[in-house]
Each structure stands twice: as structure tokens, then as C-alpha cells.
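See below for upload_21.txt, which holds compact mmCIF, N, CA and C atoms and all ligand atoms.
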```txt
# COMPACT_ATOMS: atom_id res chain seq x y z
N MET A 222 0.85 -1.19 0.00
CA MET A 222 0.00 0.00 0.00
C MET A 222 0.88 1.23 0.00
N LEU A 223 0.36 2.31 -0.60
CA LEU A 223 1.14 3.54 -0.64
C LEU A 223 1.27 4.11 0.78
N HIS A 224 2.46 4.62 1.05
CA HIS A 224 2.76 5.11 2.38
C HIS A 224 1.76 6.16 2.87
N ALA A 225 1.35 7.04 1.96
CA ALA A 225 0.43 8.13 2.33
C ALA A 225 -0.90 7.59 2.87
N LEU A 226 -1.31 6.43 2.36
CA LEU A 226 -2.61 5.89 2.79
C LEU A 226 -2.59 5.43 4.24
N TRP A 227 -1.44 4.95 4.65
CA TRP A 227 -1.27 4.50 6.04
C TRP A 227 -1.66 5.64 6.99
N SER A 228 -1.07 6.84 6.75
CA SER A 228 -1.36 7.99 7.60
C SER A 228 -2.81 8.45 7.42
N GLN A 229 -3.31 8.30 6.20
CA GLN A 229 -4.69 8.71 5.94
C GLN A 229 -5.68 7.83 6.72
N LEU A 230 -5.38 6.54 6.81
CA LEU A 230 -6.25 5.63 7.56
C LEU A 230 -6.28 6.01 9.04
N ILE A 231 -5.11 6.32 9.58
CA ILE A 231 -5.06 6.68 11.00
C ILE A 231 -5.78 8.01 11.23
N ALA A 232 -5.59 8.94 10.29
CA ALA A 232 -6.25 10.25 10.42
C ALA A 232 -7.76 10.06 10.39
N GLU A 233 -8.24 9.19 9.51
CA GLU A 233 -9.68 9.01 9.42
C GLU A 233 -10.24 8.35 10.68
N ALA A 234 -9.54 7.34 11.18
CA ALA A 234 -9.99 6.66 12.40
C ALA A 234 -9.98 7.64 13.58
N SER A 235 -9.01 8.53 13.61
CA SER A 235 -8.90 9.49 14.72
C SER A 235 -9.97 10.57 14.63
N ALA A 236 -10.46 10.82 13.42
CA ALA A 236 -11.47 11.86 13.24
C ALA A 236 -12.83 11.43 13.78
N THR A 237 -13.05 10.13 13.92
CA THR A 237 -14.32 9.64 14.46
C THR A 237 -14.03 8.72 15.64
N PRO A 238 -13.56 9.32 16.75
CA PRO A 238 -13.12 8.48 17.88
C PRO A 238 -14.25 7.72 18.58
N ASP A 239 -15.51 8.09 18.31
CA ASP A 239 -16.61 7.43 19.02
C ASP A 239 -17.35 6.39 18.19
N VAL A 240 -17.14 6.43 16.88
CA VAL A 240 -17.81 5.42 16.04
C VAL A 240 -16.77 4.81 15.11
N GLU A 241 -17.09 3.61 14.64
CA GLU A 241 -16.19 2.96 13.69
C GLU A 241 -16.31 3.66 12.35
N CYS A 242 -15.18 3.99 11.75
CA CYS A 242 -15.22 4.49 10.38
C CYS A 242 -15.04 3.26 9.49
N CYS A 243 -15.42 3.37 8.24
CA CYS A 243 -15.24 2.22 7.36
C CYS A 243 -15.19 2.67 5.91
N GLY A 244 -14.70 1.79 5.07
CA GLY A 244 -14.62 2.12 3.65
C GLY A 244 -13.89 1.02 2.91
N LEU A 245 -13.65 1.29 1.64
CA LEU A 245 -12.98 0.31 0.79
C LEU A 245 -11.60 0.82 0.39
N LEU A 246 -10.75 -0.13 0.04
CA LEU A 246 -9.40 0.19 -0.43
C LEU A 246 -9.26 -0.39 -1.83
N ALA A 247 -8.69 0.40 -2.71
CA ALA A 247 -8.59 -0.04 -4.10
C ALA A 247 -7.25 0.35 -4.66
N GLY A 248 -6.93 -0.24 -5.80
CA GLY A 248 -5.65 0.09 -6.43
C GLY A 248 -5.48 -0.65 -7.72
N ARG A 249 -4.22 -0.77 -8.12
CA ARG A 249 -3.91 -1.46 -9.36
C ARG A 249 -2.73 -2.39 -9.13
N ASP A 250 -2.73 -3.50 -9.84
CA ASP A 250 -1.64 -4.48 -9.76
C ASP A 250 -1.35 -4.90 -8.32
N GLY A 251 -2.39 -5.03 -7.53
CA GLY A 251 -2.23 -5.50 -6.17
C GLY A 251 -1.71 -4.46 -5.19
N VAL A 252 -1.48 -3.23 -5.64
CA VAL A 252 -0.99 -2.17 -4.75
C VAL A 252 -2.13 -1.23 -4.40
N ILE A 253 -2.41 -1.10 -3.11
CA ILE A 253 -3.50 -0.22 -2.67
C ILE A 253 -3.06 1.23 -2.81
N SER A 254 -3.84 1.98 -3.58
CA SER A 254 -3.46 3.39 -3.83
C SER A 254 -4.62 4.35 -3.62
N ALA A 255 -5.79 3.83 -3.28
CA ALA A 255 -6.94 4.72 -3.09
C ALA A 255 -7.78 4.27 -1.90
N LEU A 256 -8.23 5.27 -1.17
CA LEU A 256 -9.07 5.03 -0.01
C LEU A 256 -10.45 5.60 -0.34
N LEU A 257 -11.48 4.77 -0.20
CA LEU A 257 -12.83 5.22 -0.51
C LEU A 257 -13.68 5.15 0.75
N PRO A 258 -13.76 6.26 1.49
CA PRO A 258 -14.52 6.24 2.73
C PRO A 258 -16.00 6.01 2.46
N ALA A 259 -16.65 5.27 3.35
CA ALA A 259 -18.07 4.99 3.19
C ALA A 259 -18.85 5.62 4.33
N ARG A 260 -20.08 5.99 4.03
CA ARG A 260 -20.95 6.44 5.10
C ARG A 260 -21.32 5.22 5.92
N GLN A 261 -21.33 5.35 7.21
CA GLN A 261 -21.71 4.24 8.08
C GLN A 261 -23.22 4.04 8.02
N GLY A 262 -23.66 2.79 7.83
CA GLY A 262 -25.10 2.51 7.83
C GLY A 262 -25.68 2.70 9.22
N ALA A 263 -24.98 2.22 10.21
CA ALA A 263 -25.45 2.29 11.59
C ALA A 263 -24.27 2.70 12.46
N PRO A 264 -24.01 4.02 12.57
CA PRO A 264 -22.80 4.44 13.29
C PRO A 264 -22.81 3.99 14.75
N ARG A 265 -21.84 3.21 15.08
CA ARG A 265 -21.70 2.68 16.44
C ARG A 265 -20.23 2.52 16.74
N ALA A 266 -19.96 2.30 18.00
CA ALA A 266 -18.56 2.14 18.40
C ALA A 266 -18.10 0.70 18.24
N SER A 267 -19.03 -0.24 18.04
CA SER A 267 -18.58 -1.63 18.08
C SER A 267 -18.93 -2.42 16.84
N THR A 268 -19.42 -1.77 15.81
CA THR A 268 -19.69 -2.52 14.59
C THR A 268 -19.68 -1.56 13.41
N TYR A 269 -19.59 -2.09 12.22
CA TYR A 269 -19.67 -1.22 11.05
C TYR A 269 -20.54 -1.90 10.02
N GLU A 270 -21.12 -1.06 9.17
CA GLU A 270 -21.97 -1.59 8.12
C GLU A 270 -21.96 -0.59 6.99
N ILE A 271 -21.68 -1.06 5.79
CA ILE A 271 -21.77 -0.17 4.63
C ILE A 271 -23.11 -0.48 3.97
N VAL A 272 -23.98 0.52 3.89
CA VAL A 272 -25.32 0.26 3.32
C VAL A 272 -25.18 -0.12 1.84
N PRO A 273 -26.09 -1.00 1.33
CA PRO A 273 -25.96 -1.51 -0.03
C PRO A 273 -25.85 -0.42 -1.10
N ALA A 274 -26.61 0.66 -0.98
CA ALA A 274 -26.55 1.71 -2.01
C ALA A 274 -25.17 2.35 -2.04
N GLU A 275 -24.60 2.51 -0.86
CA GLU A 275 -23.27 3.11 -0.74
C GLU A 275 -22.22 2.16 -1.36
N LEU A 276 -22.36 0.89 -1.03
CA LEU A 276 -21.44 -0.11 -1.55
C LEU A 276 -21.51 -0.14 -3.08
N PHE A 277 -22.73 -0.07 -3.61
CA PHE A 277 -22.93 -0.07 -5.05
C PHE A 277 -22.22 1.13 -5.69
N SER A 278 -22.37 2.30 -5.08
CA SER A 278 -21.76 3.48 -5.70
C SER A 278 -20.24 3.43 -5.57
N LEU A 279 -19.71 2.85 -4.50
CA LEU A 279 -18.26 2.72 -4.37
C LEU A 279 -17.71 1.75 -5.42
N PHE A 280 -18.45 0.65 -5.65
CA PHE A 280 -17.99 -0.32 -6.65
C PHE A 280 -18.07 0.29 -8.06
N ARG A 281 -19.08 1.14 -8.28
CA ARG A 281 -19.21 1.79 -9.58
C ARG A 281 -18.04 2.76 -9.79
N ARG A 282 -17.71 3.48 -8.70
CA ARG A 282 -16.60 4.42 -8.80
C ARG A 282 -15.29 3.68 -9.12
N MET A 283 -15.08 2.52 -8.47
CA MET A 283 -13.86 1.75 -8.75
C MET A 283 -13.84 1.29 -10.20
N ARG A 284 -15.00 0.90 -10.71
CA ARG A 284 -15.06 0.44 -12.09
C ARG A 284 -14.75 1.61 -13.03
N ASP A 285 -15.36 2.76 -12.77
CA ASP A 285 -15.13 3.95 -13.61
C ASP A 285 -13.66 4.37 -13.59
N GLU A 286 -13.03 4.24 -12.44
CA GLU A 286 -11.63 4.68 -12.32
C GLU A 286 -10.65 3.54 -12.59
N ARG A 287 -11.19 2.41 -13.05
CA ARG A 287 -10.38 1.21 -13.35
C ARG A 287 -9.51 0.80 -12.17
N LEU A 288 -10.13 0.76 -11.03
CA LEU A 288 -9.42 0.33 -9.83
C LEU A 288 -9.91 -1.05 -9.43
N GLU A 289 -9.01 -1.85 -8.87
CA GLU A 289 -9.41 -3.16 -8.35
C GLU A 289 -9.79 -2.99 -6.88
N HIS A 290 -10.81 -3.75 -6.47
CA HIS A 290 -11.16 -3.76 -5.05
C HIS A 290 -10.15 -4.66 -4.33
N LEU A 291 -9.37 -4.09 -3.43
CA LEU A 291 -8.32 -4.87 -2.79
C LEU A 291 -8.51 -5.04 -1.29
N GLY A 292 -9.29 -4.14 -0.71
CA GLY A 292 -9.42 -4.25 0.74
C GLY A 292 -10.63 -3.53 1.29
N ILE A 293 -10.86 -3.78 2.56
CA ILE A 293 -11.96 -3.16 3.30
C ILE A 293 -11.34 -2.70 4.61
N TYR A 294 -11.67 -1.50 5.04
CA TYR A 294 -11.09 -1.07 6.32
C TYR A 294 -12.19 -0.60 7.26
N HIS A 295 -11.91 -0.72 8.53
CA HIS A 295 -12.76 -0.11 9.55
C HIS A 295 -11.90 0.11 10.78
N SER A 296 -12.42 0.92 11.68
CA SER A 296 -11.63 1.22 12.88
C SER A 296 -12.25 0.53 14.09
N HIS A 297 -11.42 0.30 15.07
CA HIS A 297 -11.88 -0.16 16.38
C HIS A 297 -11.55 0.97 17.36
N PRO A 298 -12.54 1.85 17.60
CA PRO A 298 -12.27 3.01 18.46
C PRO A 298 -11.78 2.62 19.85
N ARG A 299 -12.30 1.48 20.35
CA ARG A 299 -11.87 1.03 21.68
C ARG A 299 -11.26 -0.35 21.52
N GLY A 300 -10.32 -0.63 22.37
CA GLY A 300 -9.79 -1.98 22.41
C GLY A 300 -8.85 -2.30 21.27
N ASP A 301 -8.64 -3.58 21.15
CA ASP A 301 -7.63 -4.15 20.30
C ASP A 301 -8.05 -4.10 18.82
N ASN A 302 -7.10 -3.86 17.92
CA ASN A 302 -7.48 -3.87 16.51
C ASN A 302 -7.17 -5.19 15.81
N SER A 303 -7.67 -6.28 16.45
CA SER A 303 -7.69 -7.56 15.75
C SER A 303 -9.16 -7.87 15.45
N PRO A 304 -9.44 -8.82 14.55
CA PRO A 304 -10.83 -9.05 14.13
C PRO A 304 -11.73 -9.47 15.30
N SER A 305 -12.91 -8.85 15.37
CA SER A 305 -13.87 -9.22 16.40
C SER A 305 -14.67 -10.42 15.89
N GLU A 306 -15.49 -10.99 16.77
CA GLU A 306 -16.33 -12.12 16.34
C GLU A 306 -17.21 -11.73 15.17
N SER A 307 -17.81 -10.51 15.24
CA SER A 307 -18.68 -10.13 14.13
C SER A 307 -17.87 -9.83 12.86
N ASP A 308 -16.64 -9.35 13.01
CA ASP A 308 -15.81 -9.14 11.82
C ASP A 308 -15.60 -10.47 11.09
N VAL A 309 -15.39 -11.53 11.85
CA VAL A 309 -15.16 -12.84 11.25
C VAL A 309 -16.46 -13.38 10.65
N ALA A 310 -17.57 -13.22 11.40
CA ALA A 310 -18.86 -13.74 10.93
C ALA A 310 -19.35 -13.01 9.68
N LEU A 311 -19.00 -11.72 9.57
CA LEU A 311 -19.54 -10.91 8.46
C LEU A 311 -18.51 -10.63 7.38
N ALA A 312 -17.47 -11.46 7.30
CA ALA A 312 -16.44 -11.25 6.28
C ALA A 312 -16.87 -11.97 5.00
N TYR A 313 -17.42 -11.21 4.06
CA TYR A 313 -17.96 -11.81 2.84
C TYR A 313 -16.99 -11.79 1.66
N TYR A 314 -15.80 -11.21 1.88
CA TYR A 314 -14.86 -11.09 0.77
C TYR A 314 -13.56 -11.82 1.10
N PRO A 315 -13.52 -13.13 0.83
CA PRO A 315 -12.34 -13.91 1.23
C PRO A 315 -11.06 -13.48 0.53
N ASP A 316 -11.18 -12.79 -0.62
CA ASP A 316 -9.97 -12.37 -1.34
C ASP A 316 -9.49 -10.98 -0.94
N ALA A 317 -10.28 -10.27 -0.15
CA ALA A 317 -9.90 -8.90 0.23
C ALA A 317 -9.05 -8.92 1.49
N ALA A 318 -8.25 -7.88 1.64
CA ALA A 318 -7.50 -7.70 2.88
C ALA A 318 -8.36 -6.83 3.79
N TYR A 319 -8.57 -7.29 5.00
CA TYR A 319 -9.36 -6.54 5.98
C TYR A 319 -8.41 -5.74 6.87
N PHE A 320 -8.47 -4.42 6.71
CA PHE A 320 -7.63 -3.55 7.52
C PHE A 320 -8.42 -3.08 8.74
N ILE A 321 -7.80 -3.16 9.91
CA ILE A 321 -8.44 -2.67 11.13
C ILE A 321 -7.50 -1.64 11.75
N ILE A 322 -8.08 -0.47 12.00
CA ILE A 322 -7.28 0.66 12.47
C ILE A 322 -7.64 1.01 13.90
N SER A 323 -6.62 1.30 14.68
CA SER A 323 -6.84 1.79 16.03
C SER A 323 -6.44 3.26 16.08
N PRO A 324 -7.37 4.13 16.53
CA PRO A 324 -7.01 5.55 16.64
C PRO A 324 -6.30 5.88 17.95
N ARG A 325 -6.12 4.86 18.80
CA ARG A 325 -5.53 5.14 20.11
C ARG A 325 -4.04 5.46 19.99
N PRO A 326 -3.60 6.54 20.67
CA PRO A 326 -2.19 6.92 20.55
C PRO A 326 -1.24 5.86 21.10
N ASP A 327 -1.75 4.99 21.98
CA ASP A 327 -0.87 3.97 22.56
C ASP A 327 -0.94 2.62 21.82
N ALA A 328 -1.63 2.59 20.69
CA ALA A 328 -1.73 1.32 19.96
C ALA A 328 -0.36 0.89 19.44
N PRO A 329 0.06 -0.35 19.75
CA PRO A 329 1.39 -0.79 19.29
C PRO A 329 1.46 -0.84 17.76
N ARG A 330 0.38 -1.29 17.13
CA ARG A 330 0.34 -1.32 15.66
C ARG A 330 -1.01 -0.74 15.23
N PRO A 331 -1.06 0.56 14.92
CA PRO A 331 -2.35 1.20 14.63
C PRO A 331 -3.03 0.70 13.36
N VAL A 332 -2.26 0.15 12.43
CA VAL A 332 -2.88 -0.39 11.21
C VAL A 332 -2.47 -1.84 11.07
N ARG A 333 -3.47 -2.73 11.05
CA ARG A 333 -3.17 -4.15 10.85
C ARG A 333 -4.06 -4.67 9.73
N ALA A 334 -3.60 -5.70 9.04
CA ALA A 334 -4.37 -6.25 7.93
C ALA A 334 -4.53 -7.75 8.12
N PHE A 335 -5.69 -8.25 7.73
CA PHE A 335 -5.99 -9.66 7.93
C PHE A 335 -6.68 -10.25 6.71
N ARG A 336 -6.48 -11.52 6.53
CA ARG A 336 -7.26 -12.30 5.59
C ARG A 336 -8.29 -13.01 6.46
N ILE A 337 -9.57 -12.89 6.11
CA ILE A 337 -10.60 -13.56 6.91
C ILE A 337 -11.41 -14.44 5.98
N ALA A 338 -11.38 -15.74 6.22
CA ALA A 338 -12.12 -16.67 5.37
C ALA A 338 -12.45 -17.92 6.17
N ASP A 339 -13.59 -18.50 5.87
CA ASP A 339 -14.03 -19.74 6.52
C ASP A 339 -13.98 -19.67 8.04
N GLY A 340 -14.36 -18.54 8.58
CA GLY A 340 -14.43 -18.42 10.03
C GLY A 340 -13.09 -18.30 10.73
N ARG A 341 -12.02 -18.11 9.97
CA ARG A 341 -10.70 -17.96 10.57
C ARG A 341 -10.04 -16.71 10.03
N TRP A 342 -9.07 -16.20 10.77
CA TRP A 342 -8.31 -15.07 10.24
C TRP A 342 -6.83 -15.31 10.42
N SER A 343 -6.05 -14.67 9.56
CA SER A 343 -4.60 -14.69 9.71
C SER A 343 -4.10 -13.29 9.36
N GLU A 344 -3.03 -12.90 10.02
CA GLU A 344 -2.54 -11.54 9.81
C GLU A 344 -1.67 -11.46 8.55
N LEU A 345 -1.80 -10.36 7.84
CA LEU A 345 -1.01 -10.14 6.63
C LEU A 345 0.08 -9.11 6.93
N ALA A 346 1.19 -9.26 6.25
CA ALA A 346 2.23 -8.24 6.35
C ALA A 346 1.85 -7.09 5.42
N ILE A 347 2.07 -5.85 5.86
CA ILE A 347 1.75 -4.71 5.02
C ILE A 347 3.05 -4.13 4.48
N ASP A 348 3.19 -4.12 3.16
CA ASP A 348 4.36 -3.50 2.54
C ASP A 348 4.03 -2.07 2.20
N LEU A 349 4.78 -1.13 2.75
CA LEU A 349 4.55 0.28 2.44
C LEU A 349 5.47 0.71 1.31
N LEU A 350 4.86 1.33 0.30
CA LEU A 350 5.65 1.75 -0.86
C LEU A 350 5.74 3.27 -0.92
ZN ZN B 401 -14.25 -4.78 13.74
```
Will you turn the file into C-alpha cells for me?
Ligand SMILES: [Zn+2]
Amino acid sequence: MLHALWSQLIAEASATPDVECCGLLAGRDGVISALLPARQGAPRASTYEIVPAELFSLFRRMRDERLEHLGIYHSHPRGDNSPSESDVALAYYPDAAYFIISPRPDAPRPVRAFRIADGRWSELAIDLL
């Protein structure tokens, strides 16, 4: 992923410290180069949801801009930024990288990425370019 996006993810998570922010990550040739913030369907501190109309327009935008859908991000305003039970249960994109951001200044790793499939998750290494 492009280095600038790393800081952008943290800035976005920090801008909404009380609710989870969420959105999609896109790019070309497997390199994430664009962040597409989504409106939260049900703004809460412990879950995220991208409403279908919003998801549709984000996918249309990626198609128009010839971007590949490479990831999905959301923040965990409180607690640890590893996948929650609902993150695992609601992971519908086994090929996408799930980024979870912590806005907490004391977070050891504020941006983490995971592959979530078949009810399991594994952490991915993030290469910054
Ligand atoms: Zn989560």
C-alpha cells in the first residue's frame, strides 16, 4: 500500500473516535493506492456496516476509475485492533485484505491487515511503498 494511505487511515480513524469508520481500499496491480470512505449505515462504536446503495456506488466508482477492489477497512475506536467475532462472521470477501485501524495513541500497531475466510483469520504483512 502507498505510504500516504497509512497515515490517511489513521487520520480518518482518529477523526471519528466514538464510532467505527469504514470504507474500501482499491488500487492497481495488487498495490492499494486509493481510499474510498463509506458512510456508516449504523454508526456505532462496536460494529460497522456499509449500506448496499453506498457499496454499489463505491464499486461503480472503482469500475469507472479502473481500480481493483483490494481491501476493506474499519476502525476499532476502543480496544484491540484484531478481528472481532462479528468481523469474522460478516467477512464476505475472502480475497480482500481486511484492515483494522486503532485511533488510540498507545496502539502498538495502529494499522493491521488480515485475511478472513471460513471463520478464521490470519494476519497479513503490510508493505509500504
Ligand atoms: Zn471490527
Based on DSSP run over this structure's backbone, return all residues of chain A in strand (DSSP E or B), as a ChimeraX atom specification.
-> /A:243-249,252-259,261,271,289-296,318-322,332-338,341-345
Which neighbours of Glu289 in chain A fall inside 7 Å, counting only C-alpha atoms, when residues of the same chain fewer than 2 positions from it are skipped, and could you give them as an NGL selection string?
-> :A and (247-249 or 283 or 287 or 291)
Given the selection you just returned, output its residues as a file containing N, CA and C atoms, formatted as a compact mmCIF listing (two decimals), in the frame of the given file.
```txt
# COMPACT_ATOMS: atom_id res chain seq x y z
N ALA A 247 -8.69 0.40 -2.71
CA ALA A 247 -8.59 -0.04 -4.10
C ALA A 247 -7.25 0.35 -4.66
N GLY A 248 -6.93 -0.24 -5.80
CA GLY A 248 -5.65 0.09 -6.43
C GLY A 248 -5.48 -0.65 -7.72
N ARG A 249 -4.22 -0.77 -8.12
CA ARG A 249 -3.91 -1.46 -9.36
C ARG A 249 -2.73 -2.39 -9.13
N MET A 283 -15.08 2.52 -8.47
CA MET A 283 -13.86 1.75 -8.75
C MET A 283 -13.84 1.29 -10.20
N ARG A 287 -11.19 2.41 -13.05
CA ARG A 287 -10.38 1.21 -13.35
C ARG A 287 -9.51 0.80 -12.17
N LEU A 291 -9.37 -4.09 -3.43
CA LEU A 291 -8.32 -4.87 -2.79
C LEU A 291 -8.51 -5.04 -1.29
```
Distance table requested - chain A against ligand ZN 401 (chain B), cut-off 6 Å, only N, CA and C atoms and all ligand atoms: one row per qualifying residue with the closest atom pair and its distance in Å to one decimal, ordered by chain and rising residue number, as CSV.
```
residue,atom,partner,partner_atom,distance
A:Thr268,CA,B:ZN401,ZN,6.0
A:Ser296,C,B:ZN401,ZN,5.7
A:His297,CA,B:ZN401,ZN,5.8
A:Pro304,CA,B:ZN401,ZN,5.5
A:Ser305,N,B:ZN401,ZN,4.6
A:Asp308,CA,B:ZN401,ZN,5.0
```
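Pairwise distance (CA of Gly251 in chain A, CA of Arg325 in chain A) equals 28.5 Å.
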Expected answer as a PyMOL selection string: helix (DSSP H, G or I) residues in chain A | chain A and resi 224-236+273-285+306-310
Go through A:Ala236, A:His290, A:Arg333, A:Gln229 and flag the residue nearest Ser303 in chain A, using only N, CA and C atoms for the distances.
->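 Checking each candidate against Ser303 in chain A, we get A:Arg333 as the closest.
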Determine, counting only N, CA and C atoms, which protein, DNA and RNA residues have an atom within 6 Å of an atom of Cys242 in chain A; residues of the same chain fewer than 6 positions away are not included. Present the result as a ChimeraX atom specification.
-> /A:234,294-296
Take the residues that were just selected and, keeping N, CA and C atoms, output them as an mmCIF file, in the frame of the given file.
```cif
data_model
loop_
_atom_site.group_PDB
_atom_site.id
_atom_site.type_symbol
_atom_site.label_atom_id
_atom_site.label_comp_id
_atom_site.auth_asym_id
_atom_site.auth_seq_id
_atom_site.Cartn_x
_atom_site.Cartn_y
_atom_site.Cartn_z
ATOM 1 N N ALA A 234 -9.540 7.340 11.180
ATOM 2 C CA ALA A 234 -9.990 6.660 12.400
ATOM 3 C C ALA A 234 -9.980 7.640 13.580
ATOM 4 N N TYR A 294 -11.670 -1.500 5.040
ATOM 5 C CA TYR A 294 -11.090 -1.070 6.320
ATOM 6 C C TYR A 294 -12.190 -0.600 7.260
ATOM 7 N N HIS A 295 -11.910 -0.720 8.530
ATOM 8 C CA HIS A 295 -12.760 -0.110 9.550
ATOM 9 C C HIS A 295 -11.900 0.110 10.780
ATOM 10 N N SER A 296 -12.420 0.920 11.680
ATOM 11 C CA SER A 296 -11.630 1.220 12.880
ATOM 12 C C SER A 296 -12.250 0.530 14.090
#
```
If you count all atoms listed in the file, which residues fall within 6.5 Å of Ile337 in chain A, apart from same-chain ones fewer than 4 positions away, as a PyMOL selection string?
-> chain A and resi 309+312+314-315+317-319+341-343
Atom-to-atom span, CA of Ser278 in chain A and CA of Asn302 in chain A, Å = 27.4 Å
Could you name the residues that touch Pro258 in chain A at 7 Å or less, counting only N, CA and C atoms, but leaving out those on the same chain fewer than 3 positions away, as an MDAnalysis selection string?
-> chainID A and resid 243:245
Since we have the selection now, will you write its residues out, keeping N, CA and C atoms, as a PDB file, in the coordinates of the input?
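New file result-v6.pdb:
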```pdb
ATOM      1  N   CYS A 243     -15.420   3.370   8.240  1.00  0.00           N
ATOM      2  CA  CYS A 243     -15.240   2.220   7.360  1.00  0.00           C
ATOM      3  C   CYS A 243     -15.190   2.670   5.910  1.00  0.00           C
ATOM      4  N   GLY A 244     -14.700   1.790   5.070  1.00  0.00           N
ATOM      5  CA  GLY A 244     -14.620   2.120   3.650  1.00  0.00           C
ATOM      6  C   GLY A 244     -13.890   1.020   2.910  1.00  0.00           C
ATOM      7  N   LEU A 245     -13.650   1.290   1.640  1.00  0.00           N
ATOM      8  CA  LEU A 245     -12.980   0.310   0.790  1.00  0.00           C
ATOM      9  C   LEU A 245     -11.600   0.820   0.390  1.00  0.00           C
TER      10      LEU A 245
END
```
If you measure from CA of Val332 in chain A to CA of Asp250 in chain A, what distance in Å do you get, rounded to one decimal?
-> 21.4 Å
From A:Ser228, A:Ile347, A:Ala259, A:Leu246, residue lying nearest Ile293 in chain A [only N, CA and C atoms] =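 Answer, going by the shortest atom-to-atom distance: A:Leu246.
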Identify which of the residues A:Gly262, A:Pro273, A:Gly292, A:Pro238 lies closest to Phe320 in chain A, counting all atoms listed in the file when measuring atom-to-atom distances.
-> A:Gly292
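Using only N, CA and C atoms, the smallest distance between any of A:Asp327, A:Tyr269, A:Leu350, A:Glu241 and Ser307 in chain A comes from A:Tyr269.
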Restore N, CA, C and O atoms in range 274-286 of chain A and list the result as a short mmCIF file (atom, residue, chain, number, x, y, z; two decimals), in the coordinates of the input.
```
data_model
loop_
_atom_site.label_atom_id
_atom_site.label_comp_id
_atom_site.auth_asym_id
_atom_site.auth_seq_id
_atom_site.Cartn_x
_atom_site.Cartn_y
_atom_site.Cartn_z
N ALA A 274 -26.61 0.66 -0.98
CA ALA A 274 -26.55 1.71 -2.01
C ALA A 274 -25.17 2.35 -2.04
O ALA A 274 -24.63 2.67 -3.10
N GLU A 275 -24.60 2.51 -0.86
CA GLU A 275 -23.27 3.11 -0.74
C GLU A 275 -22.22 2.16 -1.36
O GLU A 275 -21.35 2.58 -2.12
N LEU A 276 -22.36 0.89 -1.03
CA LEU A 276 -21.44 -0.11 -1.55
C LEU A 276 -21.51 -0.14 -3.08
O LEU A 276 -20.49 -0.17 -3.76
N PHE A 277 -22.73 -0.07 -3.61
CA PHE A 277 -22.93 -0.07 -5.05
C PHE A 277 -22.22 1.13 -5.69
O PHE A 277 -21.53 0.98 -6.69
N SER A 278 -22.37 2.30 -5.08
CA SER A 278 -21.76 3.48 -5.70
C SER A 278 -20.24 3.43 -5.57
O SER A 278 -19.53 3.88 -6.47
N LEU A 279 -19.71 2.85 -4.50
CA LEU A 279 -18.26 2.72 -4.37
C LEU A 279 -17.71 1.75 -5.42
O LEU A 279 -16.67 1.99 -6.02
N PHE A 280 -18.45 0.65 -5.65
CA PHE A 280 -17.99 -0.32 -6.65
C PHE A 280 -18.07 0.29 -8.06
O PHE A 280 -17.21 0.04 -8.89
N ARG A 281 -19.08 1.14 -8.28
CA ARG A 281 -19.21 1.79 -9.58
C ARG A 281 -18.04 2.76 -9.79
O ARG A 281 -17.46 2.84 -10.85
N ARG A 282 -17.71 3.48 -8.70
CA ARG A 282 -16.60 4.42 -8.80
C ARG A 282 -15.29 3.68 -9.12
O ARG A 282 -14.49 4.12 -9.94
N MET A 283 -15.08 2.52 -8.47
CA MET A 283 -13.86 1.75 -8.75
C MET A 283 -13.84 1.29 -10.20
O MET A 283 -12.80 1.34 -10.85
N ARG A 284 -15.00 0.90 -10.71
CA ARG A 284 -15.06 0.44 -12.09
C ARG A 284 -14.75 1.61 -13.03
O ARG A 284 -13.95 1.47 -13.94
N ASP A 285 -15.36 2.76 -12.77
CA ASP A 285 -15.13 3.95 -13.61
C ASP A 285 -13.66 4.37 -13.59
O ASP A 285 -13.13 4.84 -14.59
N GLU A 286 -13.03 4.24 -12.44
CA GLU A 286 -11.63 4.68 -12.32
C GLU A 286 -10.65 3.54 -12.59
O GLU A 286 -9.46 3.67 -12.35
#
```
